[in-house]
file coords_25.csv (CSV, C-alpha atoms)
chain,number,residue,atom,x,y,z
K,1,MET,CA,100.6,84.3,93.8
K,2,SER,CA,97.4,83.4,92.1
K,3,GLU,CA,95.2,83.7,95.2
K,4,ILE,CA,92.8,86.7,95.1
K,5,LYS,CA,91.9,88.2,98.4
K,6,LYS,CA,89.3,90.9,99.3
K,7,PHE,CA,91.2,94.0,100.4
K,8,MET,CA,89.3,97.0,101.8
K,9,TYR,CA,91.0,100.3,102.5
K,10,VAL,CA,89.2,102.0,105.4
K,11,ASN,CA,89.5,105.8,105.3
K,12,ARG,CA,88.4,107.5,108.5
K,13,LYS,CA,90.3,110.8,108.6
K,14,ALA,CA,90.0,114.2,107.0
K,15,PRO,CA,92.3,114.7,103.9
K,16,TYR,CA,94.5,117.3,105.4
K,17,GLY,CA,95.6,117.8,109.0
K,18,THR,CA,97.3,114.4,109.0
K,19,VAL,CA,99.0,112.4,106.3
K,20,TYR,CA,96.9,109.3,106.6
K,21,ALA,CA,94.6,110.0,103.6
K,22,LEU,CA,97.5,110.8,101.3
K,23,GLU,CA,99.5,107.8,102.3
K,24,SER,CA,96.5,105.6,102.1
K,25,LEU,CA,95.9,106.6,98.5
K,26,GLU,CA,99.6,105.8,97.8
K,27,VAL,CA,99.0,102.2,99.1
K,28,VAL,CA,95.8,101.9,97.0
K,29,LEU,CA,97.6,102.9,93.8
K,30,ILE,CA,100.6,100.6,94.4
K,31,GLY,CA,98.2,97.8,95.5
K,32,ALA,CA,96.2,98.1,92.3
K,33,ALA,CA,99.1,96.3,90.5
K,34,PHE,CA,98.5,93.1,92.5
K,35,ASP,CA,95.1,92.2,90.9
K,36,GLN,CA,93.3,91.7,94.1
K,37,ASP,CA,89.6,92.4,94.8
K,38,VAL,CA,89.9,95.9,96.1
K,39,SER,CA,87.4,98.3,97.6
K,40,LEU,CA,87.6,101.6,99.6
K,41,ALA,CA,85.4,102.7,102.4
K,42,PHE,CA,85.0,106.3,103.5
K,43,LEU,CA,83.5,106.9,106.9
K,44,ASP,CA,83.7,109.4,109.7
K,45,ASP,CA,85.8,112.4,108.6
K,46,GLY,CA,87.1,110.2,105.8
K,47,VAL,CA,84.1,111.3,103.7
K,48,PHE,CA,85.8,114.7,103.4
K,49,GLN,CA,88.6,113.1,101.3
K,50,ILE,CA,86.4,112.8,98.3
K,51,MET,CA,84.6,116.2,98.5
K,52,LYS,CA,84.3,118.3,95.4
K,53,GLY,CA,86.1,121.7,95.1
K,54,GLN,CA,89.0,121.1,97.4
K,55,ASP,CA,91.3,124.2,97.6
K,56,THR,CA,94.4,123.8,99.6
K,57,GLN,CA,96.1,127.0,98.6
K,58,GLY,CA,95.5,128.6,102.0
K,59,VAL,CA,97.2,125.7,103.9
K,60,GLY,CA,100.1,125.4,101.4
K,61,MET,CA,99.6,121.6,101.0
K,62,LYS,CA,99.2,119.7,97.8
K,63,ASN,CA,95.6,119.1,96.7
K,64,PHE,CA,95.7,115.4,95.9
K,65,SER,CA,91.9,115.0,95.4
K,66,PRO,CA,92.2,114.8,91.6
K,67,THR,CA,94.0,111.5,92.1
K,68,TYR,CA,90.8,109.9,93.2
K,69,SER,CA,89.4,110.4,89.7
K,70,ALA,CA,92.1,108.2,88.4
K,71,LEU,CA,91.2,105.2,90.5
K,72,GLY,CA,88.7,103.9,87.9
K,73,ASP,CA,91.7,103.6,85.4
K,74,TYR,CA,93.4,101.4,88.1
K,75,ASP,CA,90.4,99.1,88.2
K,76,VAL,CA,89.5,100.4,91.7
K,77,THR,CA,85.8,100.8,91.2
K,78,LYS,CA,84.2,100.1,94.5
K,79,LEU,CA,84.1,103.2,96.8
K,80,TYR,CA,81.7,102.7,99.6
K,81,VAL,CA,80.6,105.9,101.4
K,82,GLU,CA,78.8,105.5,104.7
K,83,ARG,CA,75.5,107.4,104.5
K,84,GLU,CA,75.4,108.2,108.2
K,85,SER,CA,78.8,109.8,108.1
K,86,LEU,CA,77.7,112.1,105.3
K,87,GLU,CA,74.5,113.0,107.0
K,88,GLU,CA,76.2,113.7,110.3
K,89,ARG,CA,78.4,116.3,108.5
K,90,GLY,CA,75.5,117.9,106.6
K,91,LEU,CA,76.8,116.5,103.3
K,92,THR,CA,75.0,114.7,100.4
K,93,LEU,CA,76.2,112.7,97.4
K,94,ASP,CA,76.2,116.0,95.4
K,95,ASP,CA,79.0,117.3,97.5
K,96,LEU,CA,81.3,114.4,96.5
K,97,LEU,CA,83.5,114.1,93.4
K,98,PRO,CA,81.7,112.5,90.5
K,99,LEU,CA,84.0,109.4,90.5
K,100,LYS,CA,83.3,107.1,87.5
K,101,TYR,CA,84.7,104.0,85.9
K,102,GLU,CA,84.2,102.2,82.6
K,103,ASP,CA,82.7,98.7,83.0
K,104,GLU,CA,84.5,96.3,80.7
K,105,ASP,CA,81.8,93.7,81.3
K,106,ASP,CA,79.1,96.1,80.1
K,107,ASP,CA,80.5,97.5,76.8
K,108,TRP,CA,82.6,100.0,78.7
K,109,ALA,CA,79.6,101.8,80.0
K,110,GLU,CA,80.5,104.7,82.4
K,111,LYS,CA,79.3,103.9,85.9
K,112,ASP,CA,79.5,105.5,89.3
K,113,SER,CA,82.3,104.2,91.5
K,114,ILE,CA,80.7,105.7,94.7
K,115,LYS,CA,78.1,103.5,96.4
K,116,LEU,CA,76.2,104.9,99.3
K,117,VAL,CA,75.8,102.3,102.0
K,118,SER,CA,74.4,102.4,105.5
K,119,ARG,CA,76.5,101.9,108.6
K,120,GLU,CA,75.0,98.4,109.0
K,121,GLU,CA,75.7,97.5,105.3
K,122,LEU,CA,79.3,98.7,105.7
K,123,ALA,CA,79.7,96.5,108.7
K,124,GLY,CA,78.6,93.6,106.6
K,125,LEU,CA,81.0,94.4,103.8
K,126,MET,CA,83.8,94.6,106.3
K,127,GLU,CA,82.9,91.2,107.7
K,128,ASP,CA,83.3,89.8,104.1
K,129,GLN,CA,86.9,91.1,103.7
K,130,ASP,CA,90.1,89.1,104.0
K,131,VAL,CA,92.3,92.1,104.6
K,132,LEU,CA,91.3,95.5,106.2
K,133,LEU,CA,93.8,98.3,105.9
K,134,ASN,CA,92.8,101.1,108.3
K,135,PHE,CA,94.0,104.6,107.7
J,1,MET,CA,99.0,81.0,112.2
J,2,LYS,CA,101.0,83.2,109.8
J,3,PHE,CA,100.7,86.9,110.7
J,4,ALA,CA,101.8,90.1,109.0
J,5,ILE,CA,102.1,93.2,111.0
J,6,GLN,CA,101.7,96.8,109.9
J,7,ILE,CA,102.7,99.7,112.2
J,8,ASN,CA,101.3,103.1,111.4
J,9,GLU,CA,102.4,105.3,114.3
J,10,GLY,CA,105.7,106.7,115.4
J,11,PRO,CA,107.7,105.3,118.4
J,12,TYR,CA,107.3,106.9,121.9
J,13,GLN,CA,104.7,109.3,120.5
J,14,HIS,CA,102.2,106.5,120.3
J,15,GLN,CA,101.9,103.0,121.8
J,16,ALA,CA,101.3,101.3,118.5
J,17,VAL,CA,105.0,100.3,118.1
J,18,ASP,CA,105.0,98.9,121.7
J,19,SER,CA,101.7,97.0,121.2
J,20,ALA,CA,102.9,95.5,117.9
J,21,TYR,CA,106.2,94.4,119.5
J,22,GLN,CA,104.3,92.8,122.4
J,23,PHE,CA,101.9,91.1,120.0
J,24,ALA,CA,104.8,89.9,117.8
J,25,LYS,CA,106.7,88.5,120.8
J,26,ALA,CA,103.7,86.8,122.2
J,27,ALA,CA,102.7,85.3,118.8
J,28,LEU,CA,106.3,84.0,118.3
J,29,ASP,CA,106.4,82.6,121.8
J,30,LYS,CA,103.3,80.6,121.0
J,31,GLY,CA,104.9,79.2,117.9
J,32,HIS,CA,103.1,81.4,115.3
J,33,GLU,CA,104.9,82.7,112.3
J,34,ILE,CA,105.5,86.4,111.4
J,35,PHE,CA,105.7,86.7,107.7
J,36,ARG,CA,106.7,90.4,107.7
J,37,VAL,CA,106.6,93.6,109.8
J,38,PHE,CA,105.8,96.6,107.7
J,39,PHE,CA,106.6,100.1,109.0
J,40,TYR,CA,104.4,102.9,107.5
J,41,HIS,CA,103.5,106.5,108.1
J,42,ASP,CA,105.5,107.7,111.2
J,43,GLY,CA,106.1,104.1,112.0
J,44,VAL,CA,109.2,104.3,109.8
J,45,ASN,CA,110.9,106.3,112.5
J,46,THR,CA,111.3,103.1,114.5
J,47,ALA,CA,114.1,102.1,112.2
J,48,THR,CA,116.5,104.9,113.1
J,49,ARG,CA,119.7,103.7,114.7
J,50,LEU,CA,120.4,107.2,116.0
J,51,ALA,CA,117.6,107.4,118.7
J,52,VAL,CA,118.9,107.7,122.2
J,53,PRO,CA,116.0,107.2,124.6
J,54,PRO,CA,116.6,107.7,128.3
J,55,GLN,CA,118.5,104.7,129.8
J,56,ASP,CA,115.6,103.8,132.1
J,57,ASP,CA,113.2,103.7,129.2
J,58,ARG,CA,112.7,101.0,126.6
J,59,ASN,CA,114.6,101.3,123.3
J,60,LEU,CA,112.1,100.3,120.6
J,61,THR,CA,114.6,100.1,117.8
J,62,LYS,CA,116.8,97.8,119.8
J,63,LEU,CA,113.9,95.7,121.0
J,64,TRP,CA,112.7,95.1,117.4
J,65,ALA,CA,116.2,94.5,116.2
J,66,GLU,CA,116.8,91.9,118.9
J,67,LEU,CA,113.5,90.2,118.2
J,68,ALA,CA,114.3,90.2,114.5
J,69,GLU,CA,117.6,88.6,115.1
J,70,GLN,CA,116.2,85.9,117.3
J,71,HIS,CA,113.4,85.0,114.9
J,72,ASN,CA,114.9,86.0,111.6
J,73,LEU,CA,112.1,88.6,111.1
J,74,ASP,CA,111.7,90.5,107.8
J,75,MET,CA,111.3,94.2,108.9
J,76,VAL,CA,110.4,96.5,106.0
J,77,VAL,CA,110.4,100.3,106.0
J,78,CYS,CA,108.2,101.9,103.4
J,79,VAL,CA,110.5,103.8,101.0
J,80,ALA,CA,108.0,106.5,100.1
J,81,ALA,CA,107.1,107.2,103.8
J,82,ALA,CA,110.9,107.0,104.7
J,83,GLN,CA,111.9,109.6,102.0
J,84,ARG,CA,109.3,112.1,103.3
J,85,ARG,CA,110.7,111.7,106.8
J,86,GLY,CA,114.4,111.7,106.2
J,87,MET,CA,115.0,108.0,106.8
J,88,ALA,CA,117.7,106.6,104.5
J,89,ASP,CA,119.9,103.6,104.3
J,90,GLU,CA,123.2,103.8,102.4
J,91,ASP,CA,121.7,103.1,99.0
J,92,GLU,CA,118.9,105.7,99.5
J,93,MET,CA,121.5,108.2,100.8
J,94,LYS,CA,123.5,107.8,97.6
J,95,ARG,CA,120.5,107.7,95.3
J,96,ASN,CA,119.1,110.9,96.7
J,97,GLY,CA,122.5,112.7,97.0
J,98,LYS,CA,122.3,113.0,100.8
J,99,ASP,CA,125.3,113.2,103.2
J,100,ALA,CA,124.1,110.8,105.9
J,101,ASN,CA,122.0,107.7,106.6
J,102,ASN,CA,120.3,106.4,109.7
J,103,ILE,CA,118.6,103.0,109.2
J,104,HIS,CA,119.5,100.3,111.6
J,105,PRO,CA,120.8,97.2,109.8
J,106,ALA,CA,118.0,95.0,111.2
J,107,PHE,CA,115.5,96.9,108.9
J,108,ARG,CA,115.4,97.1,105.2
J,109,ILE,CA,113.8,99.8,103.0
J,110,SER,CA,111.4,98.6,100.3
J,111,GLY,CA,108.2,99.5,98.6
J,112,LEU,CA,104.5,99.4,99.4
J,113,GLY,CA,104.1,96.3,97.3
J,114,GLN,CA,105.7,94.5,100.2
J,115,LEU,CA,102.7,95.4,102.4
J,116,ILE,CA,100.2,94.2,99.8
J,117,GLU,CA,102.2,91.0,99.3
J,118,ALA,CA,102.2,90.5,103.1
J,119,GLY,CA,98.4,90.9,103.2
J,120,ILE,CA,98.1,88.2,100.5
J,121,ALA,CA,100.6,85.8,102.0
J,122,ALA,CA,99.6,86.0,105.7
J,123,ASP,CA,96.5,84.5,107.3
J,124,ARG,CA,96.0,87.7,109.2
J,125,LEU,CA,97.3,91.2,108.7
J,126,MET,CA,97.4,93.0,112.0
J,127,VAL,CA,97.3,96.9,111.8
J,128,PHE,CA,98.6,98.8,114.8
J,129,GLY,CA,97.8,102.5,114.8
J,130,ASP,CA,95.0,105.0,115.6
call {"tool": "encode", "arguments": {"input": "coords_25.csv", "output": "structure tokens"}}
result
Amino acid sequence: MSEIKKFMYVNRKAPYGTVYALESLEVVLIGAAFDQDVSLAFLDDGVFQIMKGQDTQGVGMKNFSPTYSALGDYDVTKLYVERESLEERGLTLDDLLPLKYEDEDDDWAEKDSIKLVSREELAGLMEDQDVLLNF
Amino acid sequence: MKFAIQINEGPYQHQAVDSAYQFAKAALDKGHEIFRVFFYHDGVNTATRLAVPPQDDRNLTKLWAELAEQHNLDMVVCVAAAQRRGMADEDEMKRNGKDANNIHPAFRISGLGQLIEAGIAADRLMVFGD
């Protein structure tokens, strides 16, 4: 299987309350082994998945947000966050985890994985994909 | 066209399992190919052979099993999602030291890599869910 396809994981739901976010992340981690062109999109309540300072002690669930910080090591380096979804929820980039990766094509310089995009830009990115996995 | 199908919602609770079945049936009737059907999230519950829906209602496990038999479909249940929800075949039962299993023989348990592989191999991956 040498063909490389563009895979986008579309995350629309809050991290807790339903299992979608956790099981989406499990697909991303397994899928990273397939050397495809992978990106993640966070929109609607999905932006809450990558918020800083998550504390799940009160709800008795596992806080899996630290796993997002490992995505860079899996060569998952394109995390598109929809600007309108952030704004609608009173959030800014500063509220999100500082997710980074080391760019092997640029002397391993540390770069931000999160890219803020408009709703219109995200629609265009989705249009470019071969496979959209919606969670 | 070569389709792959992903089902993300549980049977009866949600129409996704029905819609995916109707889509698969229609696509096969038109001569298209289904590379794989991948059951994820609560979709894995479709694979239980122990469900007993009322007699005047559809039996989704049976419908999928019959379709799979007619068309030699590869129906895969995600192992990680299955383990969380108490879905096991005989191997998984033994591996996890459990005293029962419940997977219908038309389905097989395997990993998430099968979903990614289906996305690569198929012309279109159809996701049924919310």
call {"tool": "closest_atom_pairs", "arguments": {"input": "coords_25.csv", "of": "range 86-122 of chain J", "to": "range 72-76 of chain J", "cutoff": "9 Å", "atoms": "all atoms listed in the file", "output": "Markdown table"}}
result
| residue | atom | partner | partner_atom | distance |
| --- | --- | --- | --- | --- |
| J:Ala106 | CA | J:Met75 | CA | 7.1 |
| J:Phe107 | CA | J:Met75 | CA | 5.0 |
| J:Arg108 | CA | J:Val76 | CA | 5.1 |
| J:Ile109 | CA | J:Val76 | CA | 5.6 |
| J:Ser110 | CA | J:Val76 | CA | 6.2 |
| J:Gly111 | CA | J:Val76 | CA | 8.3 |
| J:Gln114 | CA | J:Val76 | CA | 7.7 |
| J:Leu115 | CA | J:Val76 | CA | 8.6 |
call {"tool": "interface_residues", "arguments": {"input": "coords_25.csv", "of": "chain J", "to": "chain K", "cutoff": "8 Å", "atoms": "all atoms listed in the file", "output": "JSON, numbers by chain"}}
result
{"J": [41, 81, 112, 113, 116, 119, 120, 124, 125, 127, 130]}
call {"tool": "atom_distance", "arguments": {"input": "coords_25.csv", "atom1": "CA of Gln13 in chain J", "atom2": "CA of Asp56 in chain J"}}
result
16.8 Å
call {"tool": "atom_distance", "arguments": {"input": "coords_25.csv", "atom1": "CA of Tyr9 in chain K", "atom2": "CA of Asp106 in chain K"}}
result
25.7 Å
call {"tool": "residues_around", "arguments": {"input": "coords_25.csv", "residues": "Leu50 in chain J", "least_positions_apart": "5", "cutoff": "12 Å", "atoms": "all atoms listed in the file", "output": "JSON, numbers by chain"}}
result
{"J": [45, 59, 60, 61, 62, 87, 88, 100, 101, 102, 103, 104, 105]}
call {"tool": "atom_distance", "arguments": {"input": "coords_25.csv", "atom1": "CA of Ile7 in chain J", "atom2": "CA of Asn11 in chain K"}}
result
16.1 Å
call {"tool": "residues_around", "arguments": {"input": "coords_25.csv", "residues": "Val17 in chain J", "least_positions_apart": "5", "cutoff": "8 Å", "atoms": "only C-alpha atoms", "output": "count of residues only"}}
result
9
call {"tool": "closest_residue", "arguments": {"input": "coords_25.csv", "among": "K:Leu25, K:Ser85, K:Pro66, K:Glu121", "to": "Gly53 in chain K", "atoms": "all atoms listed in the file"}}
result
K:Pro66
call {"tool": "closest_residue", "arguments": {"input": "coords_25.csv", "among": "K:Ala41, K:Gln54, K:Glu88, K:Gly46", "to": "Leu116 in chain K", "atoms": "all atoms listed in the file"}}
result
K:Ala41
call {"tool": "closest_residue", "arguments": {"input": "coords_25.csv", "among": "J:Glu33, J:Glu117, J:Asp99, J:Asp42", "to": "Thr18 in chain K", "atoms": "all atoms listed in the file"}}
result
J:Asp42
call {"tool": "build_atoms", "arguments": {"input": "coords_25.csv", "residues": "range 78-89 of chain K", "atoms": "all heavy atoms", "output": "short mmCIF file (atom, residue, chain, number, x, y, z; two decimals), keeping the file's coordinate frame"}}
result
data_model
loop_
_atom_site.label_atom_id
_atom_site.label_comp_id
_atom_site.auth_asym_id
_atom_site.auth_seq_id
_atom_site.Cartn_x
_atom_site.Cartn_y
_atom_site.Cartn_z
N LYS K 78 85.14 100.24 93.43
CA LYS K 78 84.20 100.10 94.50
C LYS K 78 84.54 101.06 95.65
O LYS K 78 85.44 100.76 96.43
CB LYS K 78 84.10 98.67 95.02
CG LYS K 78 83.43 97.73 94.01
CD LYS K 78 83.41 96.31 94.52
CE LYS K 78 84.78 95.67 94.37
NZ LYS K 78 84.79 94.22 94.58
N LEU K 79 83.88 102.19 95.70
CA LEU K 79 84.10 103.20 96.80
C LEU K 79 82.87 103.28 97.60
O LEU K 79 81.88 103.89 97.16
CB LEU K 79 84.51 104.54 96.16
CG LEU K 79 85.99 104.73 95.77
CD1 LEU K 79 86.42 103.77 94.69
CD2 LEU K 79 86.22 106.16 95.31
N TYR K 80 82.87 102.68 98.76
CA TYR K 80 81.70 102.70 99.60
C TYR K 80 81.75 103.91 100.55
O TYR K 80 82.75 104.13 101.24
CB TYR K 80 81.63 101.42 100.47
CG TYR K 80 81.53 100.17 99.63
CD1 TYR K 80 82.61 99.30 99.50
CD2 TYR K 80 80.35 99.86 98.95
CE1 TYR K 80 82.52 98.15 98.72
CE2 TYR K 80 80.25 98.72 98.17
CZ TYR K 80 81.35 97.87 98.06
OH TYR K 80 81.25 96.74 97.28
N VAL K 81 80.68 104.69 100.52
CA VAL K 81 80.60 105.90 101.40
C VAL K 81 79.48 105.63 102.39
O VAL K 81 78.36 105.27 102.01
CB VAL K 81 80.34 107.15 100.57
CG1 VAL K 81 80.15 108.35 101.49
CG2 VAL K 81 81.48 107.40 99.59
N GLU K 82 79.80 105.82 103.65
CA GLU K 82 78.80 105.50 104.70
C GLU K 82 77.81 106.71 104.78
O GLU K 82 78.19 107.85 105.04
CB GLU K 82 79.51 105.34 106.03
CG GLU K 82 78.59 104.74 107.08
CD GLU K 82 79.21 104.83 108.46
OE1 GLU K 82 79.30 105.95 108.99
OE2 GLU K 82 79.61 103.79 108.98
N ARG K 83 76.54 106.38 104.56
CA ARG K 83 75.50 107.40 104.50
C ARG K 83 75.42 108.22 105.80
O ARG K 83 75.36 109.45 105.77
CB ARG K 83 74.15 106.74 104.22
CG ARG K 83 73.01 107.74 104.07
CD ARG K 83 71.68 107.07 103.77
NE ARG K 83 71.62 106.58 102.40
CZ ARG K 83 71.52 105.31 102.04
NH1 ARG K 83 71.47 104.36 102.96
NH2 ARG K 83 71.46 104.96 100.78
N GLU K 84 75.47 107.54 106.94
CA GLU K 84 75.40 108.20 108.20
C GLU K 84 76.49 109.26 108.42
O GLU K 84 76.26 110.35 108.95
CB GLU K 84 75.35 107.26 109.40
CG GLU K 84 74.08 106.43 109.52
CD GLU K 84 74.12 105.15 108.71
OE1 GLU K 84 74.90 105.07 107.73
OE2 GLU K 84 73.36 104.23 109.03
N SER K 85 77.70 108.89 107.98
CA SER K 85 78.80 109.80 108.10
C SER K 85 78.61 111.08 107.31
O SER K 85 78.94 112.18 107.74
CB SER K 85 80.14 109.15 107.70
OG SER K 85 80.48 108.12 108.59
N LEU K 86 78.07 110.90 106.09
CA LEU K 86 77.70 112.10 105.30
C LEU K 86 76.71 112.94 105.96
O LEU K 86 76.87 114.15 106.08
CB LEU K 86 77.17 111.62 103.91
CG LEU K 86 78.10 111.27 102.76
CD1 LEU K 86 77.27 111.01 101.52
CD2 LEU K 86 79.10 112.38 102.49
N GLU K 87 75.62 112.29 106.40
CA GLU K 87 74.50 113.00 107.00
C GLU K 87 74.94 113.77 108.25
O GLU K 87 74.56 114.92 108.47
CB GLU K 87 73.33 112.09 107.30
CG GLU K 87 72.61 111.65 106.03
CD GLU K 87 71.62 110.52 106.27
OE1 GLU K 87 71.54 110.01 107.42
OE2 GLU K 87 70.93 110.13 105.30
N GLU K 88 75.74 113.11 109.07
CA GLU K 88 76.20 113.70 110.30
C GLU K 88 77.01 115.01 110.04
O GLU K 88 77.12 115.88 110.91
CB GLU K 88 77.08 112.76 111.10
CG GLU K 88 76.27 111.67 111.81
CD GLU K 88 77.11 110.44 112.17
OE1 GLU K 88 78.35 110.48 112.03
OE2 GLU K 88 76.51 109.44 112.58
N ARG K 89 77.57 115.10 108.83
CA ARG K 89 78.40 116.30 108.50
C ARG K 89 77.64 117.21 107.56
O ARG K 89 78.26 118.13 106.97
CB ARG K 89 79.71 115.78 107.86
CG ARG K 89 80.62 115.19 108.92
CD ARG K 89 81.69 114.25 108.38
NE ARG K 89 82.44 113.71 109.51
CZ ARG K 89 82.01 112.70 110.26
NH1 ARG K 89 80.85 112.09 110.00
NH2 ARG K 89 82.73 112.28 111.29
#
